[in-house]
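Asker: This is the content of target.cif (mmCIF, C-alpha atoms (C1' of nucleotides)):
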data_protein
loop_
_atom_site.label_atom_id
_atom_site.label_comp_id
_atom_site.auth_asym_id
_atom_site.auth_seq_id
_atom_site.Cartn_x
_atom_site.Cartn_y
_atom_site.Cartn_z
CA MET A 1016 -93.81 1.68 8.06
CA LEU A 1017 -90.76 -0.49 8.26
CA THR A 1018 -91.32 -3.62 10.34
CA GLN A 1019 -88.92 -4.27 13.20
CA GLU A 1020 -87.53 -7.12 11.12
CA SER A 1021 -86.80 -4.98 8.04
CA LYS A 1022 -85.40 -2.29 10.26
CA SER A 1023 -82.80 -4.57 11.79
CA LEU A 1024 -82.05 -6.23 8.45
CA LEU A 1025 -81.32 -2.74 7.17
CA SER A 1026 -79.14 -1.58 10.06
CA ASP A 1027 -77.30 -4.91 10.21
CA SER A 1028 -76.52 -4.82 6.50
CA LEU A 1029 -75.47 -1.19 6.63
CA SER A 1030 -73.23 -1.55 9.65
CA LYS A 1031 -71.67 -4.62 8.05
CA SER A 1032 -70.42 -2.17 5.40
CA GLY A 1033 -69.48 0.48 7.95
CA LEU A 1034 -72.49 2.61 7.04
CA ARG A 1035 -75.15 4.27 9.18
CA SER A 1036 -78.84 3.70 9.36
CA THR A 1037 -80.16 7.18 8.66
CA PRO A 1038 -83.76 8.42 8.44
CA GLN A 1039 -83.40 8.88 4.68
CA ARG A 1040 -82.02 5.39 4.08
CA ARG A 1041 -84.73 3.86 6.22
CA HIS A 1042 -87.38 5.85 4.42
CA VAL A 1043 -86.16 4.98 0.92
CA PHE A 1044 -85.99 1.32 1.93
CA ASP A 1045 -89.50 1.60 3.35
CA VAL A 1046 -90.79 3.16 0.14
CA LEU A 1047 -89.40 0.24 -1.83
CA LEU A 1048 -90.85 -2.39 0.49
CA THR A 1049 -94.28 -0.78 0.74
CA ARG A 1050 -95.19 -1.00 -2.93
CA ARG A 1051 -93.36 -3.97 -4.32
CA ASP A 1052 -93.07 -2.84 -7.90
CA HIS A 1053 -90.15 -1.50 -9.96
CA PRO A 1054 -90.00 2.28 -9.64
CA THR A 1055 -87.40 4.53 -11.22
CA ALA A 1056 -85.30 6.85 -9.06
CA ASP A 1057 -87.69 9.68 -9.93
CA GLU A 1058 -90.66 7.65 -8.83
CA VAL A 1059 -88.95 6.68 -5.59
CA TYR A 1060 -88.21 10.37 -5.09
CA ALA A 1061 -91.85 11.32 -5.63
CA ARG A 1062 -93.06 8.66 -3.22
CA ALA A 1063 -90.42 9.44 -0.63
CA LYS A 1064 -91.30 13.13 -0.61
CA THR A 1065 -94.89 12.56 0.44
CA ASP A 1066 -93.72 11.51 3.91
CA MET A 1067 -90.36 13.30 3.99
CA ALA A 1068 -90.79 16.57 2.17
CA SER A 1069 -87.20 17.68 2.61
CA ILE A 1070 -85.48 14.67 1.01
CA SER A 1071 -83.52 15.53 -2.12
CA LEU A 1072 -83.20 13.69 -5.40
CA ALA A 1073 -79.45 13.40 -4.86
CA THR A 1074 -80.09 11.68 -1.56
CA VAL A 1075 -82.53 9.29 -3.17
CA TYR A 1076 -79.86 8.36 -5.71
CA ASN A 1077 -77.32 8.00 -2.89
CA CYS A 1078 -79.63 5.85 -0.78
CA LEU A 1079 -80.57 3.63 -3.70
CA GLU A 1080 -76.91 3.13 -4.56
CA THR A 1081 -76.16 2.29 -0.95
CA LEU A 1082 -79.03 -0.18 -0.70
CA VAL A 1083 -77.97 -1.86 -3.92
CA GLY A 1084 -74.40 -2.05 -2.60
CA CYS A 1085 -75.63 -3.73 0.58
CA GLU A 1086 -77.70 -6.13 -1.53
CA LEU A 1087 -80.93 -5.03 0.10
CA ILE A 1088 -82.49 -4.15 -3.23
CA ARG A 1089 -81.69 -4.90 -6.87
CA GLN A 1090 -81.09 -2.45 -9.67
CA VAL A 1091 -82.76 -3.42 -12.93
CA ASN A 1092 -81.51 -1.98 -16.20
CA LEU A 1093 -83.63 -2.67 -19.22
CA GLU A 1094 -82.72 -1.37 -22.62
CA ARG A 1095 -81.80 2.31 -22.46
CA GLU A 1096 -84.46 3.22 -19.96
CA PRO A 1097 -83.91 4.73 -16.53
CA SER A 1098 -82.85 2.21 -13.90
CA ARG A 1099 -85.55 0.59 -11.85
CA PHE A 1100 -85.27 -0.69 -8.32
CA CYS A 1101 -86.61 -3.93 -7.02
CA PRO A 1102 -87.09 -5.03 -3.40
CA ASN A 1103 -87.50 -8.70 -4.31
CA LEU A 1104 -84.35 -10.45 -3.18
CA THR A 1105 -85.33 -13.97 -4.16
CA GLU A 1106 -83.67 -15.29 -7.30
CA HIS A 1107 -85.89 -14.12 -10.15
CA ALA A 1108 -85.96 -12.88 -13.73
CA HIS A 1109 -87.70 -9.83 -15.15
CA PHE A 1110 -90.35 -9.76 -17.81
CA HIS A 1111 -90.68 -6.43 -19.58
CA CYS A 1112 -94.06 -5.84 -21.20
CA LYS A 1113 -93.71 -3.73 -24.34
CA LYS A 1114 -97.35 -2.68 -24.24
CA SER A 1115 -97.67 -1.46 -20.69
CA GLY A 1116 -94.02 -0.84 -19.91
CA ARG A 1117 -94.59 -2.78 -16.72
CA ILE A 1118 -92.04 -5.16 -15.25
CA TYR A 1119 -93.02 -8.50 -13.79
CA ASP A 1120 -90.96 -10.76 -11.56
CA ILE A 1121 -90.58 -14.32 -12.82
CA ASP A 1122 -89.45 -17.01 -10.40
CA ILE A 1123 -86.44 -19.06 -11.36
CA SER A 1124 -85.87 -22.54 -10.04
CA PRO A 1125 -82.36 -23.38 -8.78
CA GLU A 1126 -82.12 -26.06 -11.49
CA ILE A 1127 -82.57 -23.49 -14.24
CA THR A 1128 -80.00 -21.25 -12.61
CA GLN A 1129 -77.69 -24.23 -12.51
CA SER A 1130 -78.23 -25.06 -16.16
CA MET A 1131 -77.61 -21.46 -17.14
CA LEU A 1132 -74.34 -21.53 -15.21
CA SER A 1133 -73.40 -24.81 -16.83
CA LEU A 1134 -73.41 -23.11 -20.25
CA LEU A 1135 -70.22 -21.32 -19.27
CA PRO A 1136 -66.82 -22.74 -20.26
CA LYS A 1137 -64.65 -23.47 -17.20
CA GLU A 1138 -62.53 -20.32 -17.56
CA TYR A 1139 -65.53 -18.14 -16.84
CA GLU A 1140 -66.55 -17.35 -13.29
CA ALA A 1141 -70.00 -15.81 -12.97
CA GLN A 1142 -70.92 -13.72 -9.97
CA ALA A 1143 -74.39 -12.83 -11.16
CA ILE A 1144 -76.90 -13.81 -13.84
CA GLU A 1145 -79.47 -11.51 -15.34
CA LEU A 1146 -82.36 -12.98 -17.26
CA HIS A 1147 -84.75 -10.66 -19.05
CA TYR A 1148 -87.75 -11.38 -21.20
CA LEU A 1149 -89.23 -8.87 -23.60
CA GLY A 1150 -92.76 -9.36 -24.86
CA THR A 1151 -96.38 -9.03 -23.93
CA GLY A 1152 -97.39 -9.56 -20.33
CA PRO A 1153 -100.74 -10.53 -18.83
CA ASN A 1154 -103.20 -7.78 -19.75
CA GLU A 1155 -105.04 -7.18 -16.50
CA MET B 576 -64.93 -5.43 -47.49
CA LEU B 577 -68.45 -6.74 -47.43
CA THR B 578 -68.78 -10.11 -49.14
CA GLN B 579 -71.31 -10.41 -51.92
CA GLU B 580 -73.37 -12.54 -49.56
CA SER B 581 -73.44 -9.98 -46.75
CA LYS B 582 -74.15 -7.26 -49.26
CA SER B 583 -77.29 -8.92 -50.54
CA LEU B 584 -78.36 -9.95 -47.04
CA LEU B 585 -78.12 -6.28 -46.18
CA SER B 586 -79.98 -4.90 -49.18
CA ASP B 587 -82.64 -7.61 -48.97
CA SER B 588 -83.28 -6.90 -45.31
CA LEU B 589 -83.33 -3.18 -45.88
CA SER B 590 -85.67 -3.25 -48.84
CA LYS B 591 -87.95 -5.58 -46.91
CA SER B 592 -88.43 -2.62 -44.56
CA GLY B 593 -88.69 -0.14 -47.42
CA LEU B 594 -85.20 1.21 -46.74
CA ARG B 595 -82.28 1.86 -49.04
CA SER B 596 -78.85 0.31 -49.12
CA THR B 597 -76.64 3.37 -48.79
CA PRO B 598 -72.83 3.59 -48.68
CA GLN B 599 -72.98 4.58 -45.02
CA ARG B 600 -75.21 1.67 -44.03
CA ARG B 601 -73.04 -0.76 -45.97
CA HIS B 602 -69.93 0.65 -44.38
CA VAL B 603 -71.25 0.54 -40.82
CA PHE B 604 -72.41 -3.03 -41.40
CA ASP B 605 -68.99 -3.85 -42.81
CA VAL B 606 -67.25 -2.34 -39.79
CA LEU B 607 -69.32 -4.54 -37.49
CA LEU B 608 -68.66 -7.70 -39.50
CA THR B 609 -64.95 -7.11 -39.88
CA ARG B 610 -64.04 -7.12 -36.21
CA ARG B 611 -66.55 -9.33 -34.51
CA ASP B 612 -66.46 -7.77 -31.07
CA HIS B 613 -68.88 -5.48 -29.22
CA PRO B 614 -68.03 -1.87 -29.97
CA THR B 615 -69.92 1.17 -28.70
CA ALA B 616 -71.37 3.70 -31.14
CA ASP B 617 -68.30 5.88 -30.56
CA GLU B 618 -65.99 3.00 -31.40
CA VAL B 619 -67.97 2.17 -34.51
CA TYR B 620 -67.71 5.84 -35.46
CA ALA B 621 -63.94 5.84 -34.98
CA ARG B 622 -63.52 2.69 -37.06
CA ALA B 623 -65.92 3.86 -39.74
CA LYS B 624 -64.10 7.15 -40.18
CA THR B 625 -60.81 5.51 -41.12
CA ASP B 626 -62.31 4.43 -44.46
CA MET B 627 -65.05 7.03 -44.80
CA ALA B 628 -63.73 10.24 -43.37
CA SER B 629 -66.89 12.21 -43.95
CA ILE B 630 -69.31 9.99 -42.03
CA SER B 631 -70.89 11.68 -39.04
CA LEU B 632 -71.64 10.37 -35.57
CA ALA B 633 -75.34 11.04 -36.10
CA THR B 634 -75.26 8.86 -39.19
CA VAL B 635 -73.50 6.09 -37.29
CA TYR B 636 -76.28 6.21 -34.69
CA ASN B 637 -78.88 6.21 -37.47
CA CYS B 638 -77.27 3.30 -39.29
CA LEU B 639 -76.90 1.26 -36.12
CA GLU B 640 -80.54 1.85 -35.25
CA THR B 641 -81.56 0.84 -38.75
CA LEU B 642 -79.45 -2.32 -38.69
CA VAL B 643 -80.86 -3.28 -35.30
CA GLY B 644 -84.38 -2.67 -36.60
CA CYS B 645 -83.69 -4.96 -39.56
CA GLU B 646 -82.30 -7.58 -37.17
CA LEU B 647 -78.93 -7.57 -38.90
CA ILE B 648 -77.11 -6.77 -35.67
CA ARG B 649 -77.99 -6.87 -31.98
CA GLN B 650 -77.87 -4.02 -29.50
CA VAL B 651 -76.46 -5.03 -26.13
CA ASN B 652 -77.22 -2.96 -23.06
CA LEU B 653 -75.28 -3.84 -19.95
CA GLU B 654 -75.81 -1.98 -16.73
CA ARG B 655 -75.75 1.78 -17.33
CA GLU B 656 -72.95 1.67 -19.87
CA PRO B 657 -73.13 2.87 -23.48
CA SER B 658 -74.86 0.44 -25.81
CA ARG B 659 -72.73 -2.05 -27.63
CA PHE B 660 -73.40 -3.60 -31.00
CA CYS B 661 -73.00 -7.22 -31.91
CA PRO B 662 -72.90 -8.81 -35.37
CA ASN B 663 -73.42 -12.32 -34.03
CA LEU B 664 -76.95 -13.29 -34.97
CA THR B 665 -76.88 -16.81 -33.59
CA GLU B 666 -78.77 -17.28 -30.33
CA HIS B 667 -76.27 -16.43 -27.61
CA ALA B 668 -75.81 -14.87 -24.19
CA HIS B 669 -73.31 -12.23 -23.10
CA PHE B 670 -70.67 -12.55 -20.44
CA HIS B 671 -69.46 -9.24 -19.06
CA CYS B 672 -66.02 -9.38 -17.46
CA LYS B 673 -65.76 -6.90 -14.59
CA LYS B 674 -61.96 -6.88 -14.75
CA SER B 675 -61.39 -6.19 -18.43
CA GLY B 676 -64.78 -4.73 -19.32
CA ARG B 677 -64.78 -7.11 -22.27
CA ILE B 678 -67.89 -8.88 -23.48
CA TYR B 679 -67.83 -12.51 -24.54
CA ASP B 680 -70.46 -14.38 -26.52
CA ILE B 681 -71.74 -17.55 -24.88
CA ASP B 682 -73.56 -20.11 -26.99
CA ILE B 683 -76.99 -21.18 -25.83
CA SER B 684 -78.49 -24.51 -26.75
CA PRO B 685 -82.09 -24.54 -27.95
CA GLU B 686 -82.99 -26.73 -24.98
CA ILE B 687 -81.85 -24.07 -22.52
CA THR B 688 -83.76 -21.43 -24.44
CA GLN B 689 -86.77 -23.69 -24.23
CA SER B 690 -86.41 -24.21 -20.51
CA MET B 691 -86.05 -20.48 -19.95
CA LEU B 692 -89.24 -19.91 -21.92
CA SER B 693 -90.99 -22.62 -19.94
CA LEU B 694 -90.48 -20.62 -16.75
CA LEU B 695 -93.11 -18.16 -17.95
CA PRO B 696 -96.73 -18.53 -16.87
CA LYS B 697 -99.07 -19.00 -19.87
CA GLU B 698 -100.30 -15.39 -19.90
CA TYR B 699 -96.84 -14.17 -20.83
CA GLU B 700 -95.70 -14.10 -24.42
CA ALA B 701 -91.97 -13.56 -24.86
CA GLN B 702 -90.57 -12.14 -28.09
CA ALA B 703 -86.98 -12.07 -26.92
CA ILE B 704 -84.77 -13.36 -24.12
CA GLU B 705 -81.68 -11.64 -22.85
CA LEU B 706 -79.24 -13.60 -20.74
CA HIS B 707 -76.30 -11.79 -19.18
CA TYR B 708 -73.56 -13.04 -16.92
CA LEU B 709 -71.45 -10.75 -14.79
CA GLY B 710 -68.14 -12.01 -13.45
CA THR B 711 -64.56 -12.75 -14.36
CA GLY B 712 -63.78 -13.93 -17.85
CA PRO B 713 -60.83 -15.90 -19.19
CA ASN B 714 -57.71 -13.82 -18.56
CA GLU B 715 -55.85 -14.10 -21.83
"C1'" DA C 4 -82.64 13.39 -68.09
"C1'" DT C 5 -85.68 16.82 -65.53
"C1'" DT C 6 -89.12 17.50 -62.12
"C1'" DG C 7 -90.92 16.49 -57.95
"C1'" DA C 8 -91.37 13.53 -53.91
"C1'" DT C 9 -89.11 10.87 -50.52
"C1'" DT C 10 -85.26 9.25 -48.04
"C1'" DT C 11 -80.81 9.94 -46.05
"C1'" DT C 12 -77.07 12.37 -44.17
"C1'" DT C 13 -75.20 15.92 -41.53
"C1'" DA C 14 -73.74 19.46 -37.81
"C1'" DG C 15 -74.98 21.15 -34.01
"C1'" DA C 16 -78.41 21.87 -30.38
"C1'" DA C 17 -81.28 19.72 -26.97
"C1'" DT C 18 -82.46 16.12 -23.71
"C1'" DC C 19 -82.33 13.82 -19.55
"C1'" DA C 20 -80.80 10.26 -16.29
"C1'" DT C 21 -77.15 10.21 -13.52
"C1'" DT C 22 -72.92 11.77 -11.20
"C1'" DC C 23 -70.13 15.24 -9.26
"C1'" DT C 24 -68.98 19.27 -6.27
"C1'" DA C 25 -68.53 21.68 -2.39
"C1'" DA C 26 -70.94 23.39 1.38
"C1'" DT C 27 -73.75 22.36 5.37
"C1'" DA C 28 -75.67 19.22 8.78
"C1'" DC C 29 -75.29 15.31 11.57
"C1'" DA C 30 -73.22 11.60 14.38
"C1'" DT C 31 -69.50 9.42 16.79
"C1'" DT C 32 -65.26 9.15 19.32
"C1'" DA C 33 -61.78 10.88 22.04
"C1'" DT D 286 -67.16 19.61 23.65
"C1'" DA D 287 -63.77 19.44 20.24
"C1'" DA D 288 -62.40 16.87 16.50
"C1'" DT D 289 -63.22 13.72 12.98
"C1'" DG D 290 -65.70 11.29 9.90
"C1'" DT D 291 -70.14 10.42 7.50
"C1'" DA D 292 -74.50 12.01 5.14
"C1'" DT D 293 -77.39 15.15 2.94
"C1'" DT D 294 -78.27 18.79 -0.09
"C1'" DA D 295 -78.79 22.13 -4.21
"C1'" DG D 296 -77.18 22.98 -8.13
"C1'" DA D 297 -73.74 22.34 -11.76
"C1'" DA D 298 -71.58 19.11 -14.85
"C1'" DT D 299 -71.47 15.01 -17.62
"C1'" DG D 300 -72.18 12.24 -21.50
"C1'" DA D 301 -74.71 9.00 -24.34
"C1'" DT D 302 -78.29 9.56 -27.17
"C1'" DT D 303 -81.98 11.92 -29.72
"C1'" DC D 304 -83.78 15.77 -32.08
"C1'" DT D 305 -83.89 19.55 -35.58
"C1'" DA D 306 -83.73 21.58 -39.72
"C1'" DA D 307 -81.22 22.11 -43.75
"C1'" DA D 308 -78.57 20.12 -47.54
"C1'" DA D 309 -77.62 16.06 -50.35
"C1'" DA D 310 -78.75 11.87 -52.57
"C1'" DT D 311 -81.97 8.73 -54.63
"C1'" DC D 312 -86.05 7.31 -56.94
"C1'" DA D 313 -90.32 7.25 -59.95
"C1'" DA D 314 -92.43 8.74 -63.80
"C1'" DT D 315 -93.23 11.62 -67.07
#
Spell out the structure here as structure tokens.

Answerer:
Amino acid sequence: MLTQESKSLLSDSLSKSGLRSTPQRRHVFDVLLTRRDHPTADEVYARAKTDMASISLATVYNCLETLVGCELIRQVNLEREPSRFCPNLTEHAHFHCKKSGRIYDIDISPEITQSMLSLLPKEYEAQAIELHYLGTGPNE
Amino acid sequence: MLTQESKSLLSDSLSKSGLRSTPQRRHVFDVLLTRRDHPTADEVYARAKTDMASISLATVYNCLETLVGCELIRQVNLEREPSRFCPNLTEHAHFHCKKSGRIYDIDISPEITQSMLSLLPKEYEAQAIELHYLGTGPNE
DNA sequence: ATTGATTTTTAGAATCATTCTAATACATTA
DNA sequence: TAATGTATTAGAATGATTCTAAAAATCAAT
């Protein structure tokens, strides 16, 4: 269940973009916040349906797109695989484990972010940085 | 035309993987080296056909996959767009200009690479790092 | 230099994540 | 409550990529 805090974060962000807080959007957001991993749209759909049987895949795609647009979640595109969605809004990189297929969040310090930005010649203006690692993660 | 140097780099790398240096593979490699930008498979196909009318799109995909596997070119996946292919083998990042759609190579110093690697907890073993910037590039 | 085995190319079909379409449902404002 | 705009939905369409199966090219070794 969405906490009161997440609920108002959601409706504030949505209304800032002239959008409505609907049951489906709240539920998709809830699904993302409840298990803080990196599900694909299909997985979000499967999870969402357990508590909202009537939700459609198209709506899940729409909600995810909306949430990404409002910067409430991040969309993670690795290689040619289906997009994944990430509720972690702190600045972080993604580590993609070849063995398990799992994705891990890696914290980034502001200094590293700064030094990555400083690689850019002055004519370039970056709005976002994506840092991905590919390799072998911690085998649990 | 492929220089003698590139030609033997190609056949050495291929035979190291038990693969043959074929006219199609040489030509696709040549196409990539001639204009050092970041074409999609379709664009490579279009360019390749001007000098080898009979080459097929499937073969272009096959050749690109082979060249990537031999680490003679890099495959660049940005957002949900078609893959792009990059003949620049030096360690570098990619800057994706939202306005023009163009991709620019950004040099990375070994120290930055090192500091990015040092972000990882010990249990993680990275085989590759991908660094992407999204923003506005130099307007020519 | 011919046979036989393996690799490569090819055209077209298949795949599959995602987006689009157009109809219905819902919410908000006048 | 009508009128208008916004959201959801099922199913069709899209499009980059991969697969399939057959033909062509290459190679090894007799």

Asker: Which residues match the PyMOL selection byres ((chain B) within 10 of (chain D)) in the file above, as an MDAnalysis selection string?

Answerer: chainID B and resid 595 597 616:617 633 636 656:658

Asker: May I ask for the distance between CA of Tyr1119 (chain A) and CA of Pro696 (chain B), given in Å to one decimal place?

Answerer: 11.1 Å

Asker: Residues of chain C within 9 Å of chain B, using all atoms listed in the file, as a list in words?

Answerer: DT10, DT11, DT12, DT13 and DA14 of chain C

Asker: Any idea which chain A residues end up within 8 Å of chain B if we count all atoms listed in the file, as a list in words please?

Answerer: Asn1092, Leu1093, Glu1094, Arg1095, Ser1098, Ile1121, Asp1122, Ile1123, Ile1127, Ser1130, Met1131, Leu1134, Leu1135, Glu1138, Tyr1139, Glu1140, Ala1141, Gln1142, Ala1143, Ile1144, Glu1145, Leu1146, His1147, Tyr1148, Leu1149, Gly1150, Thr1151, Gly1152 and Pro1153 of chain A

Asker: I need the residue nearest Asp605 (chain B) from this list: B:Ser583, B:Thr578, B:Thr625, B:Asn663. Use only C-alpha atoms for the distance.

Answerer: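 Checking each of B:Ser583, B:Thr578, B:Thr625, B:Asn663 against Asp605 (chain B), counting only C-alpha atoms, the winner is B:Thr578.
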
Asker: Would you compute the distance between CA of Ser1028 (chain A) and CA of Gly1084 (chain A)? Give it in Å to one decimal.

Answerer: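 Value for the CA of Ser1028 (chain A)-CA of Gly1084 (chain A) distance: 9.7 Å.
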
Asker: Calculate how many Å separate CA of Ser1021 (chain A) from CA of Arg1050 (chain A), rounding to one decimal.

Answerer: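 Separation of CA of Ser1021 (chain A) and CA of Arg1050 (chain A): 14.4 Å.
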
Asker: Excluding Val1059 (chain A) and residues on its chain fewer than 3 positions from it, collect all residues at most 10 Å away from it, counting only C-alpha atoms (C1' of nucleotides), and give them as a VMD selection string.

Answerer: chain A and resid 1043 to 1044 1046 to 1047 1053 to 1056 1062 to 1064 1072 1075 to 1076 1079 1099 to 1100

Asker: Taking all listed atoms of region 1129-1134 of chain A, build the axis-aligned box, pad each of the six sides by 8 Å, then write its centre and edge lengths in Å to one decimal as lines of an AutoDock Vina configuration file.

Answerer:
center_x = -75.8
center_y = -23.3
center_z = -16.4
size_x = 20.8
size_y = 19.6
size_z = 23.7
